[in-house]
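Novice: mmCIF, C-alpha atoms and all ligand atoms, saved as final.cif, coming up:
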data_target
loop_
_atom_site.label_atom_id
_atom_site.label_comp_id
_atom_site.auth_asym_id
_atom_site.auth_seq_id
_atom_site.Cartn_x
_atom_site.Cartn_y
_atom_site.Cartn_z
CA MET A 1 75.88 34.65 -17.21
CA THR A 2 74.96 36.73 -14.16
CA SER A 3 77.64 37.87 -11.71
CA SER A 4 75.33 37.61 -8.71
CA PHE A 5 71.94 36.24 -7.79
CA PRO A 6 70.49 38.92 -5.51
CA LEU A 7 68.33 38.08 -2.53
CA SER A 8 65.95 40.90 -3.34
CA GLY A 9 62.73 39.38 -4.65
CA ARG A 10 63.66 35.84 -3.60
CA VAL A 11 61.33 33.75 -1.43
CA VAL A 12 63.00 31.56 1.19
CA ALA A 13 61.42 29.06 3.59
CA VAL A 14 63.26 28.73 6.92
CA THR A 15 62.50 26.07 9.55
CA GLY A 16 63.23 26.49 13.24
CA ALA A 17 62.88 30.20 12.66
CA SER A 18 61.44 31.50 15.95
CA LYS A 19 64.80 32.04 17.70
CA GLY A 20 68.52 31.33 17.59
CA ILE A 21 70.16 30.69 14.22
CA GLY A 22 66.85 30.43 12.34
CA LEU A 23 65.67 33.86 13.47
CA GLY A 24 69.10 35.30 12.62
CA ILE A 25 68.72 33.89 9.11
CA VAL A 26 65.23 35.41 8.77
CA GLU A 27 66.50 38.83 9.89
CA ARG A 28 69.42 38.76 7.46
CA LEU A 29 67.35 37.63 4.47
CA VAL A 30 64.58 40.20 4.93
CA ALA A 31 67.22 42.92 5.42
CA GLN A 32 68.49 42.04 1.93
CA GLY A 33 65.03 42.20 0.39
CA ALA A 34 63.97 38.54 0.41
CA SER A 35 60.54 37.40 1.54
CA VAL A 36 60.66 34.66 4.17
CA VAL A 37 58.16 31.96 5.06
CA ALA A 38 59.30 31.09 8.57
CA GLY A 39 58.21 28.13 10.69
CA ALA A 40 58.54 26.76 14.21
CA ARG A 41 56.22 24.97 16.63
CA ASP A 42 55.61 28.13 18.67
CA VAL A 43 55.51 31.32 16.60
CA SER A 44 53.16 33.21 18.91
CA ASN A 45 55.70 35.84 20.01
CA VAL A 46 57.70 36.54 16.89
CA GLU A 47 57.17 39.07 14.09
CA ARG A 48 59.53 40.58 11.53
CA ASP A 49 58.72 42.81 8.55
CA GLY A 50 59.13 40.83 5.35
CA ALA A 51 58.52 37.49 7.03
CA VAL A 52 55.40 35.47 7.67
CA PHE A 53 55.68 33.16 10.67
CA LEU A 54 53.63 29.96 10.50
CA PRO A 55 53.30 27.05 12.92
CA LEU A 56 55.45 24.14 11.81
CA ASP A 57 56.44 20.86 13.41
CA VAL A 58 58.98 19.26 11.07
CA THR A 59 58.32 15.84 12.63
CA SER A 60 54.68 15.89 11.47
CA GLU A 61 53.90 15.15 7.83
CA GLU A 62 50.58 17.03 8.11
CA SER A 63 52.19 20.14 9.58
CA VAL A 64 54.96 20.02 6.96
CA ALA A 65 52.37 19.69 4.16
CA GLU A 66 50.52 22.82 5.35
CA PHE A 67 53.72 24.82 5.68
CA ALA A 68 54.96 23.66 2.27
CA GLN A 69 51.66 24.66 0.70
CA ALA A 70 52.02 28.18 2.12
CA ALA A 71 55.62 28.32 0.90
CA ARG A 72 54.64 27.21 -2.62
CA SER A 73 51.82 29.78 -2.72
CA ALA A 74 54.37 32.46 -1.81
CA GLY A 75 56.59 31.29 -4.70
CA VAL A 76 59.37 29.73 -2.64
CA ASP A 77 62.70 29.28 -4.43
CA SER A 78 64.88 28.19 -1.52
CA LEU A 79 64.56 26.09 1.64
CA VAL A 80 66.73 26.33 4.75
CA ASN A 81 66.38 23.22 6.95
CA ASN A 82 67.52 24.67 10.25
CA ALA A 83 65.12 23.20 12.86
CA GLY A 84 67.06 21.00 15.24
CA VAL A 85 67.48 19.94 18.84
CA GLY A 86 70.49 19.00 20.96
CA SER A 87 70.85 16.11 23.40
CA PHE A 88 74.06 15.08 25.15
CA MET A 89 74.52 12.05 27.38
CA PRO A 90 76.51 8.79 27.53
CA VAL A 91 75.12 6.00 25.39
CA GLN A 92 73.90 4.04 28.41
CA GLN A 93 71.51 6.89 29.28
CA ILE A 94 69.88 7.26 25.86
CA THR A 95 66.19 6.37 25.97
CA ILE A 96 64.08 5.35 23.01
CA GLU A 97 61.96 8.50 23.54
CA GLU A 98 65.02 10.77 23.42
CA TYR A 99 66.41 8.90 20.42
CA ARG A 100 63.14 9.48 18.56
CA ARG A 101 62.91 13.16 19.56
CA VAL A 102 66.40 13.93 18.27
CA MET A 103 66.39 11.75 15.16
CA ASP A 104 62.84 12.73 14.23
CA THR A 105 63.61 16.45 14.45
CA ASN A 106 67.11 16.54 12.98
CA VAL A 107 66.90 13.77 10.36
CA LEU A 108 63.28 12.90 9.60
CA GLY A 109 62.39 16.62 9.76
CA THR A 110 65.00 17.41 7.11
CA ILE A 111 63.68 14.59 4.93
CA LEU A 112 59.97 15.46 5.31
CA MET A 113 60.44 19.17 4.70
CA THR A 114 62.63 18.62 1.65
CA LYS A 115 60.37 15.89 0.26
CA ALA A 116 57.42 18.27 0.45
CA LEU A 117 59.16 20.86 -1.76
CA VAL A 118 61.13 18.69 -4.22
CA PRO A 119 58.26 18.45 -6.77
CA HIS A 120 57.98 22.24 -6.67
CA PHE A 121 61.75 22.60 -7.24
CA GLN A 122 61.56 20.11 -10.13
CA TYR A 123 58.73 22.14 -11.65
CA ARG A 124 60.79 25.32 -11.30
CA HIS A 125 63.72 23.59 -13.04
CA ALA A 126 61.45 22.61 -15.93
CA GLU A 127 60.65 26.32 -16.23
CA GLY A 128 64.36 27.23 -16.27
CA ARG A 129 64.50 28.56 -12.72
CA VAL A 130 67.11 27.76 -10.05
CA SER A 131 66.18 26.48 -6.58
CA HIS A 132 68.38 26.10 -3.52
CA LEU A 133 68.44 23.85 -0.47
CA ILE A 134 70.54 24.71 2.56
CA ASN A 135 70.83 22.27 5.46
CA ILE A 136 72.19 23.59 8.76
CA THR A 137 74.04 20.55 10.12
CA SER A 138 77.01 21.12 12.43
CA ASP A 139 80.78 21.01 12.66
CA VAL A 140 80.07 17.67 14.39
CA SER A 141 78.54 16.17 11.27
CA THR A 142 81.95 14.45 10.78
CA ARG A 143 83.34 13.99 14.29
CA THR A 144 82.11 12.87 17.69
CA PHE A 145 83.01 12.89 21.39
CA ALA A 146 81.96 11.36 24.72
CA GLY A 147 78.31 12.20 25.37
CA GLY A 148 77.75 13.10 21.74
CA ALA A 149 76.51 9.78 20.34
CA LEU A 150 72.88 10.70 19.78
CA TYR A 151 73.34 14.28 18.59
CA THR A 152 76.31 13.54 16.36
CA ALA A 153 74.60 10.43 14.93
CA SER A 154 71.74 12.72 13.93
CA LYS A 155 74.11 15.25 12.37
CA TYR A 156 76.18 12.59 10.51
CA ALA A 157 72.85 11.29 9.21
CA GLN A 158 71.65 14.77 8.25
CA ARG A 159 74.93 15.25 6.36
CA ALA A 160 74.38 11.95 4.51
CA VAL A 161 70.86 13.04 3.57
CA THR A 162 72.30 16.36 2.37
CA HIS A 163 74.86 14.63 0.18
CA ALA A 164 72.27 12.22 -1.27
CA LEU A 165 70.04 15.19 -2.07
CA ALA A 166 72.95 16.91 -3.78
CA HIS A 167 73.31 13.86 -6.05
CA GLU A 168 69.56 13.59 -6.68
CA GLY A 169 69.06 17.33 -7.09
CA HIS A 170 71.82 17.52 -9.69
CA ALA A 171 69.29 16.09 -12.16
CA TYR A 172 67.00 19.05 -11.66
CA GLY A 173 69.47 21.85 -11.07
CA LEU A 174 68.99 22.04 -7.31
CA ARG A 175 71.85 23.81 -5.56
CA VAL A 176 72.50 22.01 -2.23
CA THR A 177 74.65 23.52 0.51
CA GLU A 178 75.61 22.11 3.90
CA VAL A 179 76.31 24.85 6.48
CA ARG A 180 78.31 23.50 9.44
CA PRO A 181 78.54 25.86 12.41
CA GLY A 182 80.73 25.33 15.44
CA MET A 183 79.58 26.78 18.77
CA VAL A 184 76.85 29.41 18.34
CA ASP A 185 75.29 31.52 21.10
CA THR A 186 71.59 30.52 20.90
CA TYR A 187 68.97 28.76 23.02
CA PHE A 188 70.36 25.39 21.86
CA ASN A 189 69.98 22.45 24.25
CA ASP A 190 67.97 24.53 26.77
CA SER A 191 70.69 27.18 27.15
CA GLN A 192 70.19 30.95 27.17
CA GLN A 193 71.23 33.23 24.32
CA GLY A 194 73.45 36.04 25.63
CA ASP A 195 74.96 33.92 28.40
CA PRO A 196 78.31 35.63 29.32
CA GLU A 197 80.24 32.36 28.98
CA LYS A 198 79.22 32.22 25.31
CA ALA A 199 80.31 35.81 24.58
CA ALA A 200 83.11 34.75 22.19
CA TRP A 201 81.06 32.14 20.34
CA LEU A 202 79.60 32.62 16.88
CA LYS A 203 76.40 34.68 16.71
CA PRO A 204 73.29 33.71 14.70
CA ALA A 205 74.19 36.60 12.36
CA ASP A 206 77.47 34.82 11.49
CA ILE A 207 75.56 31.76 10.28
CA ALA A 208 73.08 34.03 8.52
CA ASN A 209 76.01 35.62 6.63
CA ALA A 210 77.06 32.18 5.40
CA VAL A 211 73.50 31.35 4.32
CA ALA A 212 73.09 34.70 2.53
CA TYR A 213 76.41 34.14 0.74
CA ALA A 214 75.47 30.63 -0.44
CA LEU A 215 72.07 31.82 -1.65
CA SER A 216 73.41 34.83 -3.52
CA VAL A 217 76.36 33.44 -5.50
CA PRO A 218 75.82 33.56 -9.28
CA GLU A 219 73.28 31.07 -10.61
CA HIS A 220 75.94 28.84 -12.21
CA VAL A 221 77.80 28.41 -8.87
CA ARG A 222 77.02 25.84 -6.16
CA VAL A 223 78.53 26.27 -2.69
CA ASP A 224 78.72 22.68 -1.43
CA GLU A 225 79.76 23.28 2.15
CA ILE A 226 80.61 26.03 4.62
CA LEU A 227 82.38 25.10 7.90
CA LEU A 228 82.79 27.92 10.40
CA HIS A 229 84.00 28.20 14.00
CA PRO A 230 84.55 30.90 16.57
CA VAL A 231 88.26 31.59 16.92
CA VAL A 232 88.09 30.41 20.57
CA GLN A 233 87.01 26.92 19.47
CA ASP A 234 89.80 24.47 18.67
CA VAL A 235 90.27 23.50 15.05
CA ALA A 236 88.07 20.47 14.44
CA TYR A 237 89.66 18.49 11.60
N1 LIG B 301 73.90 26.46 18.71
C1 LIG B 301 74.95 25.77 18.25
O1 LIG B 301 76.06 25.79 18.83
C2 LIG B 301 74.81 24.96 16.98
C3 LIG B 301 76.00 24.50 16.38
C4 LIG B 301 75.90 23.77 15.20
C5 LIG B 301 74.67 23.48 14.65
N2 LIG B 301 73.53 23.93 15.26
C6 LIG B 301 72.26 23.59 14.62
O2 LIG B 301 71.59 24.79 14.28
C7 LIG B 301 70.18 24.56 14.23
C8 LIG B 301 69.46 25.64 15.03
O3 LIG B 301 69.84 25.52 16.39
P1 LIG B 301 69.90 26.77 17.38
O4 LIG B 301 71.25 26.75 18.00
O5 LIG B 301 69.44 28.02 16.72
O6 LIG B 301 68.85 26.28 18.50
P2 LIG B 301 67.64 27.05 19.23
O7 LIG B 301 68.06 28.42 19.63
O8 LIG B 301 67.19 26.09 20.29
O9 LIG B 301 66.51 27.16 18.10
C9 LIG B 301 65.92 25.99 17.58
C10 LIG B 301 64.77 26.38 16.66
O10 LIG B 301 64.21 25.16 16.10
C11 LIG B 301 62.81 25.14 16.37
N3 LIG B 301 62.37 23.74 16.45
C12 LIG B 301 62.71 22.78 17.33
N4 LIG B 301 62.04 21.65 17.08
C13 LIG B 301 61.25 21.90 16.00
C14 LIG B 301 60.30 21.13 15.27
N5 LIG B 301 59.99 19.86 15.61
N6 LIG B 301 59.67 21.70 14.21
C15 LIG B 301 59.95 22.99 13.86
N7 LIG B 301 60.82 23.76 14.52
C16 LIG B 301 61.46 23.22 15.59
C17 LIG B 301 62.64 25.94 17.67
O11 LIG B 301 61.32 26.47 17.85
P3 LIG B 301 60.13 25.62 18.56
O12 LIG B 301 60.73 24.95 19.75
O13 LIG B 301 59.07 26.64 18.86
O14 LIG B 301 59.67 24.64 17.52
C18 LIG B 301 63.62 27.08 17.40
O15 LIG B 301 63.04 28.03 16.54
C19 LIG B 301 69.97 23.14 14.74
O16 LIG B 301 69.80 22.27 13.63
C20 LIG B 301 71.26 22.82 15.47
O17 LIG B 301 71.54 21.44 15.50
C21 LIG B 301 73.57 24.66 16.40
#
For the structure just supplied, provide its representation as structure tokens.

Specialist:
Amino acid sequence: MTSSFPLSGRVVAVTGASKGIGLGIVERLVAQGASVVAGARDVSNVERDGAVFLPLDVTSEESVAEFAQAARSAGVDSLVNNAGVGSFMPVQQITIEEYRRVMDTNVLGTILMTKALVPHFQYRHAEGRVSHLINITSDVSTRTFAGGALYTASKYAQRAVTHALAHEGHAYGLRVTEVRPGMVDTYFNDSQQGDPEKAAWLKPADIANAVAYALSVPEHVRVDEILLHPVVQDVAY
């Protein structure tokens, strides 16, 4: 039994990888010797050694199929479903368009991207190889607040999908991990990364550390869930 499962030589697909948490994950994984197939809708201005950036819209089955094909060709062993959008308003202001944008990205996107790679992960299992799925949900995948109905509904749902996949994937040796960040300094919900008022929040590198840890534990270990907060954020359970 191995004592670690190094990232060197691994091939990881990361969605929502052009900025924020996703880009932090890409940077951390390539620094540890992994190859990354990275996707977002606009990848025109991003480059990192060790990563190939491809256009990806997780809400489009065609776009997902193309991205998954590239990931399979690269020999992908792990998928990080990170693409997501925020949206905060009282229930009476939620429009059908906004509902669809948030649910399609955060929930359907997770389902489509995973669905596209499950047969590949099953094939790898038949060959005795381990695959890994990491879903970046949120600390609010189990709690809500005023103005949070739509976003937290999407994150509760993404958590449910993650848990169902953990049950299903058990049959084919898929390691499934839910990573649940609290407040992270990114471009989330049309904010600016580096904003002074977010100085004490988690950084994308903190989430990347959690992802790298979950991916690199020994092959017989499954990290089910990682919940992390900046110290300045109140305890959330
Ligand atoms: N920031 C926080 O405080 C926080 C806390 C907990 C959880 N999260 C979760 O962390 C994840 C990443 O968020 P972030 O904070 O890093 O936000 P961000 O800085 O806004 O980055 C979001 C990334 O997702 C991509 N994306 C958005 N829609 C997409 C789509 N349809 N298809 C493919 N890629 C798409 C964006 O690129 P394009 O727009 O070019 O596609 C971008 O690369 C999300 O799932 C979010 O819910 C964030």

Novice: Give the residue list for ligand LIG 301 (chain B) at 7 Å, counting all atoms listed in the file, as an MDAnalysis selection string, sorted by chain and then by residue number.

Specialist: chainID A and resid 15:22 39:43 56:59 82:86 105:106 136:139 180:190

Novice: Given the choices A:Leu150, A:Val30, A:Leu215, A:Ile111, which gets closest to Tyr99 (chain A) if the distance is worked out from all atoms listed in the file?

Specialist: A:Leu150

Novice: Take every atom of region 15-25 of chain A listed in the file, fit an axis-aligned box around them, add 5 Å per side, and give the centre and edge lengths in Å to one decimal as AutoDock Vina command-line options.

Specialist:
--center_x 65.8 --center_y 30.7 --center_z 13.4 --size_x 18.7 --size_y 19.2 --size_z 18.6

Novice: Near Gly128 (chain A), counting all atoms listed in the file, which residues have an atom at most 12 Å away, once you skip same-chain residues fewer than 6 positions from it, shown as a PDB file with C-alpha atoms, in the frame of the given file?

Specialist:
ATOM      1  CA  PHE A 121      61.750  22.600  -7.240  1.00  0.00           C
ATOM      2  CA  GLN A 122      61.560  20.110 -10.130  1.00  0.00           C
ATOM      3  CA  TYR A 172      67.000  19.050 -11.660  1.00  0.00           C
ATOM      4  CA  GLY A 173      69.470  21.850 -11.070  1.00  0.00           C
ATOM      5  CA  LEU A 174      68.990  22.040  -7.310  1.00  0.00           C
ATOM      6  CA  GLU A 219      73.280  31.070 -10.610  1.00  0.00           C
TER       7      GLU A 219
END

Novice: Given all atoms listed in the file as the basis, pick out the residue of A:Glu61, A:Ala205, A:Ser131, A:His125 nearest to Val221 (chain A).

Specialist: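 Among the listed residues, the smallest separation from Val221 (chain A) belongs to A:Ser131.
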
Novice: Expressed in Å to a single decimal, how great is the separation between CA of Ala153 (chain A) and CA of Glu98 (chain A)?

Specialist: 12.8 Å

Novice: Can you tell me how far CA of Glu197 (chain A) sits from CA of Gln233 (chain A), in Å to one decimal?

Specialist: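 Going from CA of Glu197 (chain A) over to CA of Gln233 (chain A) covers 12.9 Å.
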
Novice: Excluding Ala166 (chain A) and residues on its chain fewer than 4 positions from it, collect all residues at most 12 Å away from it, counting all atoms listed in the file, and give them as JSON, numbers by chain.

Specialist: {"A": [114, 118, 132, 133, 134, 135, 159, 160, 161, 162, 170, 171, 172, 173, 174, 175, 176, 177, 178, 222, 223, 224, 225]}

Novice: Go ahead and compute the interatomic distance for CA of Leu23 (chain A) and CA of Ser73 (chain A), in Å to one decimal.

Specialist: 21.7 Å

Novice: Can you work out which one of A:Val37, A:Leu202, A:Met113, A:Val140 has the shortest atom-to-atom distance to Asn81 (chain A), counting only C-alpha atoms?

Specialist: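 Of the candidates, the smallest distance to Asn81 (chain A) is held by A:Met113.
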
Novice: Find, counting only C-alpha atoms, the residue in A:Pro230, A:Gly33, A:Gly109, A:Gly169 that gets nearest to Val12 (chain A).

Specialist: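 Checking each of A:Pro230, A:Gly33, A:Gly109, A:Gly169 against Val12 (chain A), counting only C-alpha atoms, the winner is A:Gly33.
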
Novice: Which one of A:Val232, A:Ala212, A:Leu165, A:Val26 sits closest to Lys198 (chain A) if you count all atoms listed in the file?

Specialist: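 For Lys198 (chain A), the nearest of the given residues is A:Val232.
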
Novice: Nearest to Ala146 (chain A): which of A:Ala214, A:Met89, A:Ala31, A:Val130 is it, counting all atoms listed in the file?

Specialist: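 Nearest to Ala146 (chain A): A:Met89.
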
Novice: Which residues are near Tyr156 (chain A)? Cut-off 7 Å, all atoms listed in the file, ignore same chain within fewer than 4 positions. Put them as a PyMOL selection string.

Specialist: chain A and resi 141-142+152+160

Novice: Please write the residues from the selection above to a file, keeping C-alpha atoms, as a compact mmCIF listing (two decimals), in the frame of the given file.

Specialist:
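Dumped to part.txt:
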# COMPACT_ATOMS: atom_id res chain seq x y z
CA SER A 141 78.54 16.17 11.27
CA THR A 142 81.95 14.45 10.78
CA THR A 152 76.31 13.54 16.36
CA ALA A 160 74.38 11.95 4.51

Novice: Working from the structure I just supplied, which lacks atoms in region 108-119 of chain A, can you model all heavy atoms there and output them as an mmCIF file, in the frame of the given file?

Specialist:
data_model
loop_
_atom_site.group_PDB
_atom_site.id
_atom_site.type_symbol
_atom_site.label_atom_id
_atom_site.label_comp_id
_atom_site.auth_asym_id
_atom_site.auth_seq_id
_atom_site.Cartn_x
_atom_site.Cartn_y
_atom_site.Cartn_z
ATOM 1 N N LEU A 108 64.575 13.053 10.277
ATOM 2 C CA LEU A 108 63.280 12.900 9.600
ATOM 3 C C LEU A 108 62.728 14.272 9.194
ATOM 4 O O LEU A 108 62.164 14.425 8.096
ATOM 5 C CB LEU A 108 62.288 12.164 10.504
ATOM 6 C CG LEU A 108 60.908 11.928 9.904
ATOM 7 C CD1 LEU A 108 60.984 11.015 8.684
ATOM 8 C CD2 LEU A 108 59.952 11.338 10.956
ATOM 9 N N GLY A 109 62.886 15.280 10.067
ATOM 10 C CA GLY A 109 62.390 16.620 9.760
ATOM 11 C C GLY A 109 63.006 17.185 8.487
ATOM 12 O O GLY A 109 62.322 17.785 7.650
ATOM 13 N N THR A 110 64.311 16.958 8.329
ATOM 14 C CA THR A 110 65.000 17.410 7.110
ATOM 15 C C THR A 110 64.427 16.682 5.885
ATOM 16 O O THR A 110 64.191 17.290 4.834
ATOM 17 C CB THR A 110 66.516 17.149 7.234
ATOM 18 O OG1 THR A 110 67.016 17.911 8.335
ATOM 19 C CG2 THR A 110 67.260 17.535 5.970
ATOM 20 N N ILE A 111 64.192 15.383 6.051
ATOM 21 C CA ILE A 111 63.680 14.590 4.930
ATOM 22 C C ILE A 111 62.250 15.021 4.580
ATOM 23 O O ILE A 111 61.932 15.278 3.401
ATOM 24 C CB ILE A 111 63.726 13.082 5.269
ATOM 25 C CG1 ILE A 111 65.176 12.603 5.334
ATOM 26 C CG2 ILE A 111 62.920 12.262 4.246
ATOM 27 C CD1 ILE A 111 65.357 11.186 5.852
ATOM 28 N N LEU A 112 61.385 15.130 5.591
ATOM 29 C CA LEU A 112 59.970 15.460 5.310
ATOM 30 C C LEU A 112 59.839 16.825 4.663
ATOM 31 O O LEU A 112 59.078 17.010 3.700
ATOM 32 C CB LEU A 112 59.145 15.418 6.603
ATOM 33 C CG LEU A 112 58.913 14.053 7.243
ATOM 34 C CD1 LEU A 112 58.067 14.200 8.512
ATOM 35 C CD2 LEU A 112 58.235 13.097 6.260
ATOM 36 N N MET A 113 60.568 17.798 5.207
ATOM 37 C CA MET A 113 60.440 19.170 4.700
ATOM 38 C C MET A 113 60.953 19.257 3.254
ATOM 39 O O MET A 113 60.325 19.890 2.390
ATOM 40 C CB MET A 113 61.247 20.097 5.621
ATOM 41 C CG MET A 113 60.938 21.548 5.516
ATOM 42 S SD MET A 113 59.249 21.966 5.910
ATOM 43 C CE MET A 113 58.687 22.515 4.322
ATOM 44 N N THR A 114 62.065 18.583 2.994
ATOM 45 C CA THR A 114 62.630 18.620 1.650
ATOM 46 C C THR A 114 61.723 17.887 0.663
ATOM 47 O O THR A 114 61.436 18.388 -0.437
ATOM 48 C CB THR A 114 64.033 17.970 1.655
ATOM 49 O OG1 THR A 114 64.798 18.600 2.677
ATOM 50 C CG2 THR A 114 64.721 18.151 0.311
ATOM 51 N N LYS A 115 61.261 16.703 1.096
ATOM 52 C CA LYS A 115 60.370 15.890 0.260
ATOM 53 C C LYS A 115 59.140 16.683 -0.175
ATOM 54 O O LYS A 115 58.676 16.579 -1.315
ATOM 55 C CB LYS A 115 59.969 14.670 1.095
ATOM 56 C CG LYS A 115 59.026 13.708 0.483
ATOM 57 C CD LYS A 115 58.746 12.593 1.500
ATOM 58 C CE LYS A 115 57.521 11.804 1.062
ATOM 59 N NZ LYS A 115 57.146 10.783 2.048
ATOM 60 N N ALA A 116 58.638 17.507 0.743
ATOM 61 C CA ALA A 116 57.420 18.270 0.450
ATOM 62 C C ALA A 116 57.651 19.343 -0.615
ATOM 63 O O ALA A 116 56.695 19.776 -1.267
ATOM 64 C CB ALA A 116 56.897 18.920 1.738
ATOM 65 N N LEU A 117 58.905 19.779 -0.783
ATOM 66 C CA LEU A 117 59.160 20.860 -1.760
ATOM 67 C C LEU A 117 59.897 20.402 -3.011
ATOM 68 O O LEU A 117 59.998 21.170 -3.973
ATOM 69 C CB LEU A 117 59.918 22.010 -1.080
ATOM 70 C CG LEU A 117 59.060 22.847 -0.128
ATOM 71 C CD1 LEU A 117 59.900 23.922 0.564
ATOM 72 C CD2 LEU A 117 57.879 23.509 -0.852
ATOM 73 N N VAL A 118 60.394 19.155 -3.029
ATOM 74 C CA VAL A 118 61.130 18.690 -4.220
ATOM 75 C C VAL A 118 60.290 18.773 -5.499
ATOM 76 O O VAL A 118 60.787 19.273 -6.529
ATOM 77 C CB VAL A 118 61.713 17.278 -3.995
ATOM 78 C CG1 VAL A 118 62.004 16.567 -5.320
ATOM 79 C CG2 VAL A 118 63.001 17.377 -3.174
ATOM 80 N N PRO A 119 59.028 18.336 -5.517
ATOM 81 C CA PRO A 119 58.260 18.450 -6.770
ATOM 82 C C PRO A 119 58.165 19.889 -7.263
ATOM 83 O O PRO A 119 58.220 20.148 -8.467
ATOM 84 C CB PRO A 119 56.883 17.884 -6.388
ATOM 85 C CG PRO A 119 57.153 16.991 -5.222
ATOM 86 C CD PRO A 119 58.264 17.654 -4.458
#
